[in-house]
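Scroll down for the structure; my scribbles are underneath it.
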Amino acid sequence: MAMVAGTLYAVAANAVSYFAHLSKKTGEKLSKRQQLALDGGAFCTFLVGGLLATAAYSMGDPVPLLQGTLVATNLLLNMAFQICLGISLYTKAMRIGTLLCFVVVMFQLADVGPHPRGKDVNVIDMFSKTTAILWFMTLGALIILTGVGLRYTQSQSGESFTKVFAWALHIGVLGSATDNAASTFGVITGWILYSALAAYGLVSAYVLGMSAKAPAVCDASTYVPLQLSLQLVLNMITGILVWGDLDRMAGRPLQPYFVTVVVIIFSVYVASPSVDVVDALVRWNMLRKTNLSEEVASSTYGKSVLALVECWKKIQMAPGRESEDAAREALMSTLSLGAERGRLTSQDLVDLAVELYAGSGSFAVSAAFIGWLGNNSYFQTYLKHDPDFHQKLLDLMPASERHKLPVSLQSPGGPPSPMGDQSEMTISLSTS
């Protein structure tokens, strides 16, 4: 039942995420009726999954184990849907983090976690313990704080980690509350059960509604694993402080149980490239020590920027081949360092290339573009495989550009090696 619930959650979340991605990509939004149908369908799918999860939790097995099974199924399918639908690009680290850590490690919880509780549990005694009361107060405070966070980050982009974290923690806390509330349904009776079901239904409706909306306003590849992992951690803490899970380990060592959860948390870190706490701290520290206008740089990248600025000064003071070559090398170094150290994203480099291309006054095939293809290892291999494509590009090139090409590139005999015609291409481009 937990696996089926995880499947339904993944289907609902990615349906919403896909249409939000499509709208962002094409600029065409769904009509109000279509959006209402999508939201309603996602809500109903979440509702059915929630009912199945509730039934599973009420059977007395440890909540972290059941939720771990649900999470593993959800995240594996989430990755598959995100890749197949073209919503997000999953790198090697993200794929391994999902497959190995979430699937393999999650299912270890059945062997290293606590045994199921009995049917003779006194819920009132459990919930009235000092540790339980303090934990419930903490969860209440988190709900209020994250609710404020949702309002505060409303205008931020879906890739903002602050926004994603606020949504993930808010839904994670409420999800943990409903998970553990459902876990009581098998051991309570009478008016207490009916009251708990009513409260559970109201909170669950809110959680499901927010869960259906979250993938549309947050980056799903980061939000989904983060939210589920936070909920898993909260369920583990609730199990220890409220349900006494550690007392039901039956002689099993505690270290594997805790280590398994820690590995799961780190897998979220690996599988979420936009989340980098260490890099955020490094950037904050560097900003405090950097003042480029005063020529003060605290990082290698900052120093490369200053070196580039210095080269531009030399061009202004003494224009010529020597200063131009130095600026070219400095620009290459700055862009390479920026990409290598995460200061420039692939999209940043794409935007720069398009802006520089636009400076020529035309987006037609240019000599510089053909030269770049000739020095790209991927296109070198492809153009040798398909020389007719090279000829098509040459046929589309304006006459004013074609004469700038070196002789070796004026026919589809294959692009030069990176070193072979580099000097010839450099002279051509410098002349142009």
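Please note that chains go A, B, ... in the order of the structure tokens, that every chain numbers its residues from 1, and that ligands are numbered from 1 in the order shown.
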- Task: Write out as a list in words the residues lying within 12 Å of region 191-195 of chain A, counting only C-alpha atoms and excluding same-chain residues fewer than 4 positions away.
- Result: Ser58, Val123, Ile124, Ala181, Ala182, Ser183, Thr184, Phe185, Gly186, Val187, Ala199, Tyr200, Gly201 and Leu202 of chain A
Just-selected residues, N, CA and C atoms written as a PDB file, in the first residue's frame:
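Output contents, as saved in part-v2.pdb:
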ATOM      1  N   SER A  58      -1.937   2.752   9.857  1.00  0.00           N
ATOM      2  CA  SER A  58      -2.797   2.326  10.963  1.00  0.00           C
ATOM      3  C   SER A  58      -2.561   0.876  11.369  1.00  0.00           C
ATOM      4  N   VAL A 123      -2.307   5.294  23.919  1.00  0.00           N
ATOM      5  CA  VAL A 123      -1.956   6.504  23.193  1.00  0.00           C
ATOM      6  C   VAL A 123      -1.894   7.712  24.122  1.00  0.00           C
ATOM      7  N   ILE A 124      -2.814   7.797  25.077  1.00  0.00           N
ATOM      8  CA  ILE A 124      -2.836   8.948  25.990  1.00  0.00           C
ATOM      9  C   ILE A 124      -1.544   9.006  26.798  1.00  0.00           C
ATOM     10  N   ALA A 181      -0.655  10.642  13.210  1.00  0.00           N
ATOM     11  CA  ALA A 181      -2.060  10.591  13.622  1.00  0.00           C
ATOM     12  C   ALA A 181      -2.716   9.336  13.056  1.00  0.00           C
ATOM     13  N   ALA A 182      -2.427   9.028  11.792  1.00  0.00           N
ATOM     14  CA  ALA A 182      -2.983   7.823  11.172  1.00  0.00           C
ATOM     15  C   ALA A 182      -2.512   6.568  11.888  1.00  0.00           C
ATOM     16  N   SER A 183      -1.310   6.642  12.460  1.00  0.00           N
ATOM     17  CA  SER A 183      -0.768   5.483  13.156  1.00  0.00           C
ATOM     18  C   SER A 183      -1.548   5.144  14.426  1.00  0.00           C
ATOM     19  N   THR A 184      -2.343   6.087  14.920  1.00  0.00           N
ATOM     20  CA  THR A 184      -3.123   5.841  16.145  1.00  0.00           C
ATOM     21  C   THR A 184      -4.471   5.193  15.861  1.00  0.00           C
ATOM     22  N   PHE A 185      -4.898   5.189  14.601  1.00  0.00           N
ATOM     23  CA  PHE A 185      -6.257   4.746  14.297  1.00  0.00           C
ATOM     24  C   PHE A 185      -6.498   3.278  14.623  1.00  0.00           C
ATOM     25  N   GLY A 186      -5.428   2.494  14.665  1.00  0.00           N
ATOM     26  CA  GLY A 186      -5.601   1.081  14.971  1.00  0.00           C
ATOM     27  C   GLY A 186      -5.670   0.773  16.454  1.00  0.00           C
ATOM     28  N   VAL A 187      -5.440   1.776  17.312  1.00  0.00           N
ATOM     29  CA  VAL A 187      -5.390   1.516  18.757  1.00  0.00           C
ATOM     30  C   VAL A 187      -6.321   2.420  19.564  1.00  0.00           C
ATOM     31  N   ALA A 199     -10.232  15.666  12.594  1.00  0.00           N
ATOM     32  CA  ALA A 199      -9.075  16.561  12.552  1.00  0.00           C
ATOM     33  C   ALA A 199      -8.098  16.119  11.465  1.00  0.00           C
ATOM     34  N   TYR A 200      -7.925  14.800  11.358  1.00  0.00           N
ATOM     35  CA  TYR A 200      -7.024  14.253  10.346  1.00  0.00           C
ATOM     36  C   TYR A 200      -7.504  14.610   8.937  1.00  0.00           C
ATOM     37  N   GLY A 201      -8.814  14.504   8.725  1.00  0.00           N
ATOM     38  CA  GLY A 201      -9.369  14.820   7.415  1.00  0.00           C
ATOM     39  C   GLY A 201      -9.153  16.267   7.023  1.00  0.00           C
ATOM     40  N   LEU A 202      -9.343  17.193   7.968  1.00  0.00           N
ATOM     41  CA  LEU A 202      -9.166  18.616   7.682  1.00  0.00           C
ATOM     42  C   LEU A 202      -7.710  18.944   7.356  1.00  0.00           C
TER      43      LEU A 202
END
Margin query: Env of region 6-23 of chain A: 9 Å cut, atoms = only C-alpha atoms, seq-sep filter 6 positions within chain, self excluded. Answer as a ChimeraX atom specification.
Written below: /A:29-30,38-39,41-46,48-50,53,67,69-78,81-82,85-87,211-220,224
Q: Considering only C-alpha atoms, return as a ChimeraX atom specification whatever protein or nucleic-acid residues lie within 9 Å of Gln154 (chain A), sequence-local ones (same chain, fewer than 3 positions apart) excluded.
A: /A:149-151,157,163,217
_I want to know what sits within 12 Å of region 253-269 of chain A, based on only C-alpha atoms, with residues of the same chain fewer than 3 positions away left out; could you give that as a ChimeraX atom specification?_
/A:64-65,68,71-72,75,93-114,221-237,240,245-250,272-278
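CA of Gly302 (chain A) sits 12.7 Å away from CA of Arg288 (chain A).
We find CA of His170 (chain A) and CA of Leu145 (chain A) to be spaced 8.4 Å apart.
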What's around region 365-372 of chain A at 6 Å? Count only C-alpha atoms, leave out sequence neighbours fewer than 2 positions away in its own chain, and write the answer as a PyMOL selection string. chain A and resi 374-375+397+401+405
Taking the DSSP assignment computed from this structure's backbone, write out as a ChimeraX atom specification all residues of region 31-90 of chain A that belong to alpha helix (DSSP H).
/A:32-57,63-84
Can you write out the residues you just picked, keeping N, CA and C atoms, as a short mmCIF file (atom, residue, chain, number, x, y, z; two decimals), in the first residue's frame?
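Dumped everything to out-v7.cif:
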data_model
loop_
_atom_site.label_atom_id
_atom_site.label_comp_id
_atom_site.auth_asym_id
_atom_site.auth_seq_id
_atom_site.Cartn_x
_atom_site.Cartn_y
_atom_site.Cartn_z
N LYS A 32 -8.39 28.68 -17.46
CA LYS A 32 -8.85 28.49 -16.08
C LYS A 32 -9.52 27.13 -15.90
N ARG A 33 -10.28 26.73 -16.89
CA ARG A 33 -10.95 25.43 -16.80
C ARG A 33 -9.94 24.29 -16.82
N GLN A 34 -8.93 24.38 -17.71
CA GLN A 34 -7.90 23.34 -17.76
C GLN A 34 -7.09 23.29 -16.49
N GLN A 35 -6.74 24.48 -15.95
CA GLN A 35 -5.97 24.52 -14.71
C GLN A 35 -6.77 23.95 -13.56
N LEU A 36 -8.07 24.24 -13.53
CA LEU A 36 -8.93 23.71 -12.48
C LEU A 36 -9.02 22.19 -12.58
N ALA A 37 -9.13 21.69 -13.82
CA ALA A 37 -9.19 20.24 -14.01
C ALA A 37 -7.88 19.58 -13.59
N LEU A 38 -6.75 20.22 -13.93
CA LEU A 38 -5.45 19.67 -13.55
C LEU A 38 -5.29 19.64 -12.04
N ASP A 39 -5.60 20.77 -11.39
CA ASP A 39 -5.48 20.82 -9.92
C ASP A 39 -6.43 19.83 -9.26
N GLY A 40 -7.65 19.72 -9.81
CA GLY A 40 -8.60 18.77 -9.23
C GLY A 40 -8.15 17.33 -9.40
N GLY A 41 -7.62 17.01 -10.58
CA GLY A 41 -7.13 15.65 -10.81
C GLY A 41 -5.95 15.32 -9.91
N ALA A 42 -5.02 16.28 -9.76
CA ALA A 42 -3.87 16.06 -8.89
C ALA A 42 -4.32 15.88 -7.44
N PHE A 43 -5.29 16.70 -7.03
CA PHE A 43 -5.78 16.61 -5.64
C PHE A 43 -6.43 15.24 -5.40
N CYS A 44 -7.24 14.78 -6.34
CA CYS A 44 -7.89 13.48 -6.17
C CYS A 44 -6.87 12.34 -6.14
N THR A 45 -5.84 12.46 -6.97
CA THR A 45 -4.80 11.44 -6.98
C THR A 45 -4.04 11.43 -5.67
N PHE A 46 -3.70 12.62 -5.17
CA PHE A 46 -3.07 12.70 -3.86
C PHE A 46 -3.99 12.13 -2.78
N LEU A 47 -5.29 12.39 -2.91
CA LEU A 47 -6.25 11.93 -1.90
C LEU A 47 -6.29 10.41 -1.82
N VAL A 48 -6.34 9.76 -2.98
CA VAL A 48 -6.36 8.30 -3.00
C VAL A 48 -5.05 7.75 -2.41
N GLY A 49 -3.94 8.36 -2.81
CA GLY A 49 -2.65 7.93 -2.25
C GLY A 49 -2.60 8.13 -0.75
N GLY A 50 -3.15 9.26 -0.29
CA GLY A 50 -3.18 9.53 1.14
C GLY A 50 -4.01 8.53 1.92
N LEU A 51 -5.13 8.12 1.34
CA LEU A 51 -5.98 7.13 2.01
C LEU A 51 -5.26 5.79 2.12
N LEU A 52 -4.56 5.41 1.06
CA LEU A 52 -3.79 4.15 1.11
C LEU A 52 -2.68 4.22 2.16
N ALA A 53 -1.98 5.38 2.18
CA ALA A 53 -0.92 5.55 3.17
C ALA A 53 -1.49 5.52 4.58
N THR A 54 -2.64 6.14 4.78
CA THR A 54 -3.29 6.14 6.09
C THR A 54 -3.60 4.73 6.55
N ALA A 55 -4.16 3.93 5.63
CA ALA A 55 -4.48 2.54 5.96
C ALA A 55 -3.22 1.76 6.33
N ALA A 56 -2.12 2.04 5.62
CA ALA A 56 -0.86 1.34 5.91
C ALA A 56 -0.32 1.73 7.29
N TYR A 57 -0.36 3.04 7.59
CA TYR A 57 0.16 3.51 8.88
C TYR A 57 -0.64 2.96 10.05
N VAL A 63 6.32 4.01 11.55
CA VAL A 63 6.04 5.03 10.53
C VAL A 63 7.25 5.29 9.64
N PRO A 64 8.49 5.42 10.19
CA PRO A 64 9.64 5.67 9.31
C PRO A 64 9.83 4.58 8.26
N LEU A 65 9.53 3.31 8.63
CA LEU A 65 9.69 2.23 7.67
C LEU A 65 8.69 2.36 6.53
N LEU A 66 7.42 2.58 6.87
CA LEU A 66 6.40 2.69 5.83
C LEU A 66 6.61 3.94 4.99
N GLN A 67 6.93 5.04 5.66
CA GLN A 67 7.16 6.26 4.89
C GLN A 67 8.42 6.15 4.04
N GLY A 68 9.42 5.42 4.55
CA GLY A 68 10.64 5.19 3.76
C GLY A 68 10.33 4.42 2.49
N THR A 69 9.46 3.43 2.58
CA THR A 69 9.04 2.68 1.39
C THR A 69 8.31 3.59 0.41
N LEU A 70 7.42 4.42 0.95
CA LEU A 70 6.69 5.36 0.11
C LEU A 70 7.64 6.34 -0.57
N VAL A 71 8.62 6.83 0.20
CA VAL A 71 9.59 7.80 -0.32
C VAL A 71 10.44 7.18 -1.43
N ALA A 72 10.93 5.96 -1.19
CA ALA A 72 11.78 5.32 -2.19
C ALA A 72 11.04 5.15 -3.50
N THR A 73 9.80 4.71 -3.43
CA THR A 73 8.99 4.54 -4.64
C THR A 73 8.74 5.88 -5.31
N ASN A 74 8.37 6.87 -4.51
CA ASN A 74 8.06 8.20 -5.03
C ASN A 74 9.25 8.81 -5.76
N LEU A 75 10.43 8.78 -5.12
CA LEU A 75 11.59 9.44 -5.69
C LEU A 75 12.13 8.73 -6.93
N LEU A 76 12.05 7.41 -6.92
CA LEU A 76 12.51 6.67 -8.09
C LEU A 76 11.63 7.01 -9.29
N LEU A 77 10.31 7.00 -9.10
CA LEU A 77 9.40 7.34 -10.19
C LEU A 77 9.48 8.83 -10.54
N ASN A 78 9.71 9.67 -9.52
CA ASN A 78 9.87 11.10 -9.79
C ASN A 78 11.04 11.34 -10.74
N MET A 79 12.16 10.65 -10.50
CA MET A 79 13.31 10.79 -11.38
C MET A 79 12.97 10.30 -12.79
N ALA A 80 12.29 9.16 -12.89
CA ALA A 80 11.94 8.62 -14.19
C ALA A 80 11.02 9.58 -14.96
N PHE A 81 10.02 10.12 -14.28
CA PHE A 81 9.09 11.04 -14.94
C PHE A 81 9.79 12.33 -15.35
N GLN A 82 10.64 12.86 -14.46
CA GLN A 82 11.32 14.12 -14.76
C GLN A 82 12.23 13.98 -15.98
N ILE A 83 12.88 12.82 -16.12
CA ILE A 83 13.77 12.59 -17.26
C ILE A 83 12.95 12.36 -18.54
N CYS A 84 11.94 11.49 -18.46
CA CYS A 84 11.16 11.15 -19.66
C CYS A 84 10.36 12.34 -20.18
#
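Separating CA of Thr238 (chain A) from CA of Leu139 (chain A) is a distance of 9.9 Å.
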Exercise for review: Do a neighbour search on region 349-352 of chain A at 12 Å with only C-alpha atoms, toss out local chain neighbours closer than 2 positions, and write the hits as number ranges by chain.
Suggested key: A: 332, 334-336, 338-340, 342-347, 354-359
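Shell of Val207 (chain A) at 9 Å, with only C-alpha atoms counted and residues fewer than 3 places along the chain excluded, is A:Ile171, A:Leu174, A:Gly175, A:Thr178, A:Leu202, A:Val203, A:Ser204, A:Met210, A:Ser211, A:Ala212.
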Can you write just those residues out, C-alpha atoms, as a tab-separated table (two decimals), in the first residue's frame?
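In the end it all went to selection-v3.tsv:
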chain	number	residue	atom	x	y	z
A	171	ILE	CA	4.48	20.29	4.22
A	174	LEU	CA	2.18	18.63	8.57
A	175	GLY	CA	2.77	15.39	6.67
A	178	THR	CA	-0.85	13.26	9.72
A	202	LEU	CA	-9.17	18.62	7.68
A	203	VAL	CA	-5.37	18.73	7.99
A	204	SER	CA	-4.93	16.12	5.24
A	210	MET	CA	-0.50	22.31	-0.81
A	211	SER	CA	1.27	19.20	-2.10
A	212	ALA	CA	-0.56	19.54	-5.40
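Shortest atom-to-atom contact with Phe165 (chain A) among A:Asp348, A:Leu281, A:Thr153, A:Val296: A:Thr153, counting only C-alpha atoms.
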